[in-house]
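J.: My questions all concern the structure below.
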Amino acid sequence: MPSPRVLILRAPGTNCDEETAFAFEQAGAETERVHVNRLIENPALKDRYQILCVPGGFSYGDDIAAGRILATRLNRHLADMVDAFVHGNGDRLVLGICNGMQVLMRLGVLTEGVGSGETSAATLTWNNHGRFEDRWVNLVVDETPCVFLKDIDHMYLPMAHAEGKFVAADDAALNSLKDAGRLAIRYAEGEKGVVQDEVLPFPANPNGADANVAGVCDASGRVFGLMPHPERHIDPTHHPYWTRRKEQPEFGDGLKMFRNAVDWFA
Ligand SMILES: NC(=O)CC[C@H](N)C(=O)O
C-alpha cells in the first residue's frame, strides 16, 4: 500500500505546518504544505490527497474570531473540496489541530447532524481566564469511533490557545455528541485521569470547556479536531521531564495519532 498523501493547508498566520508535516512523515505519510490561495486557483489539486490537515497557528491574525476567516474562505471558495474530504466516498480523513479545530468547528463539520441546524450545536470561545495559555495538559480518550485515537487511552500534550473553550448550545446537544462518542478526548486530572463530565477546576481543565472537552469527531470518526498539539510530542525528548526519566518510551504520545491515520489506509 503506498503512503497516504497529506494536504497540510496553509494560510497567512499558520505557524505549525512544518512540525505537523514532520509528524505525518515520521508516521510514514507523504506531505505537501499548500497555501489556501493555490487551492482556490486550482481546486483540482485536492484530488492528489487522502488526508486534509488544518494545522495550528493564527490564521488571518485570529481576526473576528480564531479560525473564522479561513473557514469562511473555505466555505465560499472550496466547499466542494471540504465536502470531498468530509463526505465523498467516506475514504478520506480530516484532522484539525488547534487553529485547525477552530476552523473545522466554524465549518460545522465536527458537530454535523446534531441540533436543529439553525444554530451550531457547539462552539469554541475564549478561555475562562481570558488569556492565551501555553503548557502541558493530561488528556483521556473516551469510548469513540475516532480513527485517530484508536488504541490510545491517555496522552500528555502541549496546549497553546486563547479561544479553546468548548461550549455546547445546550444539554441536548452535549448529550447527543457524548452518546455517539464524539466528545472523543477530554482534559483530565493527573496522568491516569478518567473521563469526567463535571467541569474540572483549573488547571486540569485549562479553559473551562463543557464536559472537559478537548477534541470532537464527526459521526464516522474520520473527521477529528483537537485543541492540544500532538505534533509537539512525537519524540520522547519533547517531554518536559525526559531527562529525569530512568527509561524512555520509544515515541512521544502524539505520534500514535499520526500512525493511526496512516494505518487506516493499509
Ligand atoms: N496554537 C494555535 O493554533 C493557536 C490557536 C488560536 N490562534 C488561539 O489562540 O486560540
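All residue names refer to the C-alpha cells as shown: chains lettered A, B, ... in order, residues numbered from 1 in each chain, ligands numbered from 1 in order.
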May I have the residues within 8 Å of A:Ala21 as a ChimeraX atom specification, using only C-alpha atoms and disregarding those fewer than 2 positions away in the same chain?
T.: /A:8,17-19,23-25,31-33
J.: 6 Å from ligand 1 is the threshold here; counting only C-alpha atoms and all ligand atoms, which polymer residues fall inside it? Answer as a list in words.
T.: Gly56, Gly57, Phe58, Asp62, Ala66, Cys98, Asn99, Ala160, His161, Ala162, Glu163 and Gly164 of chain A
J.: Could you check which of A:Val140, A:Pro203, A:Asn260, A:Arg222 is closest to A:Leu52, using only C-alpha atoms?
T.: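 Using only C-alpha atoms, the shortest distance to A:Leu52 belongs to A:Arg222.
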J.: Pick out the closest residue to A:Glu143 from this set: A:Gly221, A:Pro230, A:Gly96, A:Gly28. Count only C-alpha atoms.
T.: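 Using only C-alpha atoms, the shortest distance to A:Glu143 belongs to A:Gly221.
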J.: Smallest atom-to-atom distance to A:Val114: which of A:Lys178, A:Arg38, A:His239, A:His87, using only C-alpha atoms?
T.: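 For A:Val114, the nearest of the given residues is A:Lys178.
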J.: Given the choices A:Leu70, A:Gly215, A:His238, A:Val103, which gets closest to A:Asn37 if the distance is worked out from only C-alpha atoms?
T.: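 Among the listed residues, A:Leu70 lies closest to A:Asn37.
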J.: What's the 9 Å shell around A:Val94, counting only C-alpha atoms, without same-chain residues fewer than 2 positions away, as a list in words?
T.: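 Counting only C-alpha atoms, the residues come to Gln50, Ile51, Leu52, Cys53, Val54, Phe85, Val86, Arg92, Gly96, Arg222, Val223, Phe224 and Gly225 of chain A.
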J.: Interatomic distance between atom CA of A:Asp253 and atom CA of A:Thr237?
T.: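 Straight-line distance from atom CA of A:Asp253 to atom CA of A:Thr237 works out to 11.1 Å.
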J.: Quick one: residues within 12 Å of A:Pro43, only C-alpha atoms, excluding same-chain residues fewer than 5 positions away - as a list in words?
T.: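 Near A:Pro43, the qualifying residues are Val34, His35, Val36, Asn37, Arg38, Arg48, Tyr49, Leu74, His77, Leu78, Ala79, Asp80, Met81, Val82 and Ala84 of chain A.
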J.: Those residues with N, CA, C and O atoms, as a PDB file, in the first residue's frame please?
T.:
```
ATOM      1  N   VAL A  34       0.322  23.329   1.387  1.00  0.00           N
ATOM      2  CA  VAL A  34      -0.271  24.060   0.267  1.00  0.00           C
ATOM      3  C   VAL A  34      -1.032  25.277   0.799  1.00  0.00           C
ATOM      4  O   VAL A  34      -1.857  25.151   1.710  1.00  0.00           O
ATOM      5  N   HIS A  35      -0.758  26.426   0.206  1.00  0.00           N
ATOM      6  CA  HIS A  35      -1.452  27.650   0.611  1.00  0.00           C
ATOM      7  C   HIS A  35      -2.891  27.633   0.090  1.00  0.00           C
ATOM      8  O   HIS A  35      -3.141  27.188  -1.030  1.00  0.00           O
ATOM      9  N   VAL A  36      -3.795  28.141   0.887  1.00  0.00           N
ATOM     10  CA  VAL A  36      -5.215  28.132   0.507  1.00  0.00           C
ATOM     11  C   VAL A  36      -5.433  28.853  -0.833  1.00  0.00           C
ATOM     12  O   VAL A  36      -6.286  28.443  -1.634  1.00  0.00           O
ATOM     13  N   ASN A  37      -4.631  29.878  -1.116  1.00  0.00           N
ATOM     14  CA  ASN A  37      -4.797  30.607  -2.390  1.00  0.00           C
ATOM     15  C   ASN A  37      -4.462  29.727  -3.596  1.00  0.00           C
ATOM     16  O   ASN A  37      -5.042  29.883  -4.662  1.00  0.00           O
ATOM     17  N   ARG A  38      -3.494  28.795  -3.416  1.00  0.00           N
ATOM     18  CA  ARG A  38      -3.143  27.884  -4.522  1.00  0.00           C
ATOM     19  C   ARG A  38      -4.323  26.948  -4.811  1.00  0.00           C
ATOM     20  O   ARG A  38      -4.594  26.595  -5.953  1.00  0.00           O
ATOM     21  N   ARG A  48      -5.205  14.998  -5.285  1.00  0.00           N
ATOM     22  CA  ARG A  48      -3.909  14.338  -5.044  1.00  0.00           C
ATOM     23  C   ARG A  48      -3.788  13.774  -3.633  1.00  0.00           C
ATOM     24  O   ARG A  48      -2.805  13.093  -3.344  1.00  0.00           O
ATOM     25  N   TYR A  49      -4.732  14.107  -2.755  1.00  0.00           N
ATOM     26  CA  TYR A  49      -4.519  13.807  -1.327  1.00  0.00           C
ATOM     27  C   TYR A  49      -5.610  12.915  -0.729  1.00  0.00           C
ATOM     28  O   TYR A  49      -6.762  12.986  -1.134  1.00  0.00           O
ATOM     29  N   LEU A  74     -12.947  28.895   2.987  1.00  0.00           N
ATOM     30  CA  LEU A  74     -13.178  27.511   2.551  1.00  0.00           C
ATOM     31  C   LEU A  74     -14.629  27.321   2.120  1.00  0.00           C
ATOM     32  O   LEU A  74     -14.914  26.702   1.093  1.00  0.00           O
ATOM     33  N   HIS A  77     -15.150  29.425  -1.269  1.00  0.00           N
ATOM     34  CA  HIS A  77     -14.404  29.079  -2.485  1.00  0.00           C
ATOM     35  C   HIS A  77     -14.111  27.583  -2.640  1.00  0.00           C
ATOM     36  O   HIS A  77     -13.796  27.143  -3.740  1.00  0.00           O
ATOM     37  N   LEU A  78     -14.108  26.849  -1.539  1.00  0.00           N
ATOM     38  CA  LEU A  78     -13.637  25.456  -1.621  1.00  0.00           C
ATOM     39  C   LEU A  78     -14.608  24.477  -0.950  1.00  0.00           C
ATOM     40  O   LEU A  78     -14.189  23.451  -0.398  1.00  0.00           O
ATOM     41  N   ALA A  79     -15.899  24.797  -1.037  1.00  0.00           N
ATOM     42  CA  ALA A  79     -16.901  23.933  -0.396  1.00  0.00           C
ATOM     43  C   ALA A  79     -16.863  22.517  -0.981  1.00  0.00           C
ATOM     44  O   ALA A  79     -17.045  21.533  -0.260  1.00  0.00           O
ATOM     45  N   ASP A  80     -16.573  22.410  -2.282  1.00  0.00           N
ATOM     46  CA  ASP A  80     -16.521  21.072  -2.902  1.00  0.00           C
ATOM     47  C   ASP A  80     -15.364  20.254  -2.341  1.00  0.00           C
ATOM     48  O   ASP A  80     -15.481  19.050  -2.146  1.00  0.00           O
ATOM     49  N   MET A  81     -14.243  20.949  -2.104  1.00  0.00           N
ATOM     50  CA  MET A  81     -13.084  20.258  -1.546  1.00  0.00           C
ATOM     51  C   MET A  81     -13.402  19.750  -0.136  1.00  0.00           C
ATOM     52  O   MET A  81     -13.138  18.592   0.200  1.00  0.00           O
ATOM     53  N   VAL A  82     -13.969  20.638   0.681  1.00  0.00           N
ATOM     54  CA  VAL A  82     -14.316  20.246   2.051  1.00  0.00           C
ATOM     55  C   VAL A  82     -15.277  19.062   2.016  1.00  0.00           C
ATOM     56  O   VAL A  82     -15.093  18.060   2.722  1.00  0.00           O
ATOM     57  N   ALA A  84     -15.646  16.848  -0.315  1.00  0.00           N
ATOM     58  CA  ALA A  84     -14.986  15.624  -0.804  1.00  0.00           C
ATOM     59  C   ALA A  84     -14.221  14.933   0.329  1.00  0.00           C
ATOM     60  O   ALA A  84     -14.209  13.703   0.419  1.00  0.00           O
TER      61      ALA A  84
END
```
J.: May I have all residues of stretch 179-220 of chain A that DSSP, computed from the backbone, assigns to strand (DSSP E), given as a PyMOL selection string?
T.: chain A and resi 185-187+213-217
J.: Once you have the residues from the selection above, write them out as a PDB file, in the first residue's frame, restricted to N, CA, C and O atoms.
T.:
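This is the output file selection-v7.pdb:
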```
ATOM      1  N   ILE A 185     -12.015  13.291  23.165  1.00  0.00           N
ATOM      2  CA  ILE A 185     -10.863  13.420  24.064  1.00  0.00           C
ATOM      3  C   ILE A 185     -11.130  14.565  25.049  1.00  0.00           C
ATOM      4  O   ILE A 185     -11.635  15.616  24.666  1.00  0.00           O
ATOM      5  N   ARG A 186     -10.782  14.292  26.333  1.00  0.00           N
ATOM      6  CA  ARG A 186     -11.120  15.252  27.399  1.00  0.00           C
ATOM      7  C   ARG A 186      -9.885  15.584  28.226  1.00  0.00           C
ATOM      8  O   ARG A 186      -8.997  14.747  28.401  1.00  0.00           O
ATOM      9  N   TYR A 187      -9.888  16.789  28.775  1.00  0.00           N
ATOM     10  CA  TYR A 187      -8.868  17.144  29.764  1.00  0.00           C
ATOM     11  C   TYR A 187      -9.109  16.306  31.007  1.00  0.00           C
ATOM     12  O   TYR A 187     -10.259  16.000  31.356  1.00  0.00           O
ATOM     13  N   VAL A 213     -14.112  18.950  27.396  1.00  0.00           N
ATOM     14  CA  VAL A 213     -13.859  18.516  26.009  1.00  0.00           C
ATOM     15  C   VAL A 213     -12.632  19.212  25.422  1.00  0.00           C
ATOM     16  O   VAL A 213     -12.522  20.435  25.435  1.00  0.00           O
ATOM     17  N   ALA A 214     -11.717  18.387  24.888  1.00  0.00           N
ATOM     18  CA  ALA A 214     -10.513  18.912  24.228  1.00  0.00           C
ATOM     19  C   ALA A 214     -10.512  18.603  22.740  1.00  0.00           C
ATOM     20  O   ALA A 214      -9.710  19.169  21.985  1.00  0.00           O
ATOM     21  N   GLY A 215     -11.403  17.686  22.304  1.00  0.00           N
ATOM     22  CA  GLY A 215     -11.453  17.333  20.886  1.00  0.00           C
ATOM     23  C   GLY A 215     -12.752  16.638  20.557  1.00  0.00           C
ATOM     24  O   GLY A 215     -13.350  15.975  21.405  1.00  0.00           O
ATOM     25  N   VAL A 216     -13.208  16.813  19.306  1.00  0.00           N
ATOM     26  CA  VAL A 216     -14.515  16.320  18.868  1.00  0.00           C
ATOM     27  C   VAL A 216     -14.352  15.656  17.492  1.00  0.00           C
ATOM     28  O   VAL A 216     -13.585  16.141  16.663  1.00  0.00           O
ATOM     29  N   CYS A 217     -15.088  14.556  17.273  1.00  0.00           N
ATOM     30  CA  CYS A 217     -15.053  13.950  15.931  1.00  0.00           C
ATOM     31  C   CYS A 217     -16.449  13.892  15.335  1.00  0.00           C
ATOM     32  O   CYS A 217     -17.444  14.072  16.029  1.00  0.00           O
TER      33      CYS A 217
END
```
J.: Between A:Ala184, A:Leu124, A:Met257, A:Cys146, which is the closest to A:Ala209 once you count only C-alpha atoms?
T.: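 Once distances to A:Ala209 are computed over only C-alpha atoms, the minimum belongs to A:Leu124.
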J.: Find the distance between atom CA of A:Asp83 and atom CA of A:Ala27 and write it in Å to one decimal.
T.: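 Computed distance, atom CA of A:Asp83 to atom CA of A:Ala27, equals 25.7 Å.
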J.: Hey, can you check how far atom CA of A:Leu183 sits from atom CA of A:Val141?
T.: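 Rounded to one decimal, the two atoms are 8.8 Å apart.
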J.: Can you list, as a PyMOL selection string, every protein, DNA or RNA residue that comes within 8 Å of A:Glu198 when you count only C-alpha atoms, leaving out same-chain residues fewer than 5 positions away?
T.: chain A and resi 210-212
J.: Could you save those same residues with N, CA and C atoms as an mmCIF file, in the first residue's frame?
T.:
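Result file is selection24.cif:
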```
data_model
loop_
_atom_site.group_PDB
_atom_site.id
_atom_site.type_symbol
_atom_site.label_atom_id
_atom_site.label_comp_id
_atom_site.auth_asym_id
_atom_site.auth_seq_id
_atom_site.Cartn_x
_atom_site.Cartn_y
_atom_site.Cartn_z
ATOM 1 N N ASP A 210 -16.918 22.798 28.541
ATOM 2 C CA ASP A 210 -18.015 21.910 28.930
ATOM 3 C C ASP A 210 -17.522 20.463 28.890
ATOM 4 N N ALA A 211 -17.867 19.696 29.904
ATOM 5 C CA ALA A 211 -17.531 18.262 29.957
ATOM 6 C C ALA A 211 -16.038 18.001 29.724
ATOM 7 N N ASN A 212 -15.209 19.038 29.939
ATOM 8 C CA ASN A 212 -13.735 18.931 29.801
ATOM 9 C C ASN A 212 -13.308 18.546 28.381
#
```
J.: Nearest to A:Ala180: which of A:Pro145, A:Gly193, A:Gly61, A:Pro55 is it, counting only C-alpha atoms?
T.: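 Closest to A:Ala180 of all the choices is A:Pro145.
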J.: Report as a PyMOL selection string all protein, DNA and RNA residues lying within 12 Å of A:Gly252, evaluated on only C-alpha atoms, omitting residues in the same chain fewer than 3 positions from it.
T.: chain A and resi 23+26-27+154-158+229-240+242+248-249+255-259
J.: Write out, as a short mmCIF file (atom, residue, chain, number, x, y, z; two decimals), in the first residue's frame, the residues just selected, with N, CA, C and O atoms.
T.:
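Output contents, as saved in out10.cif:
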```cif
data_model
loop_
_atom_site.label_atom_id
_atom_site.label_comp_id
_atom_site.auth_asym_id
_atom_site.auth_seq_id
_atom_site.Cartn_x
_atom_site.Cartn_y
_atom_site.Cartn_z
N ALA A 23 5.56 15.40 11.60
CA ALA A 23 4.91 14.33 12.39
C ALA A 23 4.27 13.31 11.46
O ALA A 23 4.42 12.09 11.65
N GLN A 26 7.03 11.23 9.91
CA GLN A 26 7.56 10.24 10.85
C GLN A 26 6.65 9.02 10.92
O GLN A 26 7.09 7.92 11.20
N ALA A 27 5.36 9.27 10.70
CA ALA A 27 4.38 8.17 10.76
C ALA A 27 4.27 7.43 9.43
O ALA A 27 3.51 6.46 9.33
N HIS A 154 -4.50 7.50 27.09
CA HIS A 154 -4.10 8.77 27.67
C HIS A 154 -3.06 9.43 26.79
O HIS A 154 -2.30 8.74 26.10
N MET A 155 -2.98 10.75 26.86
CA MET A 155 -1.87 11.46 26.22
C MET A 155 -1.50 12.66 27.09
O MET A 155 -2.34 13.22 27.79
N TYR A 156 -0.23 13.01 27.03
CA TYR A 156 0.27 14.21 27.69
C TYR A 156 0.78 15.10 26.56
O TYR A 156 1.74 14.74 25.87
N LEU A 157 0.10 16.24 26.34
CA LEU A 157 0.41 17.07 25.17
C LEU A 157 0.44 18.54 25.54
O LEU A 157 -0.25 18.97 26.48
N PRO A 158 1.17 19.33 24.77
CA PRO A 158 1.09 20.79 24.98
C PRO A 158 -0.23 21.34 24.44
O PRO A 158 -0.77 20.85 23.45
N HIS A 229 -1.77 19.91 21.01
CA HIS A 229 -0.89 19.74 19.84
C HIS A 229 -0.15 18.40 19.85
O HIS A 229 0.95 18.31 20.41
N PRO A 230 -0.68 17.36 19.20
CA PRO A 230 0.03 16.07 19.16
C PRO A 230 1.37 16.16 18.43
O PRO A 230 2.30 15.41 18.75
N GLU A 231 1.50 17.09 17.46
CA GLU A 231 2.75 17.18 16.67
C GLU A 231 3.88 17.74 17.52
O GLU A 231 5.05 17.67 17.11
N ARG A 232 3.58 18.26 18.72
CA ARG A 232 4.63 18.79 19.58
C ARG A 232 5.12 17.75 20.59
O ARG A 232 5.91 18.07 21.47
N HIS A 233 4.59 16.53 20.50
CA HIS A 233 5.10 15.46 21.38
C HIS A 233 5.17 14.16 20.59
O HIS A 233 4.40 13.22 20.83
N ILE A 234 6.09 14.10 19.64
CA ILE A 234 6.25 12.87 18.86
C ILE A 234 7.55 12.14 19.23
O ILE A 234 7.71 10.98 18.94
N ASP A 235 8.46 12.85 19.89
CA ASP A 235 9.72 12.24 20.33
C ASP A 235 9.75 12.25 21.86
O ASP A 235 9.25 13.20 22.48
N PRO A 236 10.33 11.21 22.50
CA PRO A 236 10.38 11.19 23.97
C PRO A 236 11.06 12.44 24.55
O PRO A 236 10.70 12.89 25.64
N THR A 237 12.02 13.01 23.82
CA THR A 237 12.73 14.18 24.35
C THR A 237 11.90 15.46 24.29
O THR A 237 12.33 16.50 24.78
N HIS A 238 10.71 15.39 23.70
CA HIS A 238 9.81 16.56 23.77
C HIS A 238 9.19 16.69 25.16
O HIS A 238 8.72 17.75 25.53
N HIS A 239 9.15 15.56 25.89
CA HIS A 239 8.51 15.56 27.22
C HIS A 239 9.29 16.47 28.17
O HIS A 239 10.52 16.39 28.24
N PRO A 240 8.60 17.33 28.92
CA PRO A 240 9.33 18.28 29.75
C PRO A 240 10.23 17.64 30.81
O PRO A 240 11.20 18.26 31.25
N TRP A 242 11.89 14.67 30.43
CA TRP A 242 12.54 13.49 29.83
C TRP A 242 13.91 13.21 30.44
O TRP A 242 14.29 12.04 30.60
N GLN A 248 13.20 5.69 28.71
CA GLN A 248 12.43 6.49 27.75
C GLN A 248 11.47 5.57 26.98
O GLN A 248 11.86 4.48 26.59
N PRO A 249 10.25 6.04 26.75
CA PRO A 249 9.39 5.29 25.84
C PRO A 249 9.97 5.42 24.42
O PRO A 249 10.83 6.27 24.17
N LEU A 255 2.64 10.74 18.54
CA LEU A 255 2.96 10.08 17.27
C LEU A 255 1.92 9.05 16.87
O LEU A 255 1.59 8.90 15.69
N LYS A 256 1.39 8.34 17.88
CA LYS A 256 0.42 7.26 17.62
C LYS A 256 -0.79 7.78 16.82
O LYS A 256 -1.33 7.07 15.97
N MET A 257 -1.19 9.02 17.09
CA MET A 257 -2.32 9.60 16.35
C MET A 257 -2.05 9.66 14.85
O MET A 257 -2.91 9.37 14.04
N PHE A 258 -0.83 10.06 14.50
CA PHE A 258 -0.47 10.17 13.08
C PHE A 258 -0.31 8.78 12.46
O PHE A 258 -0.67 8.55 11.31
N ARG A 259 0.21 7.84 13.25
CA ARG A 259 0.34 6.46 12.77
C ARG A 259 -1.02 5.84 12.53
O ARG A 259 -1.21 5.10 11.57
#
```
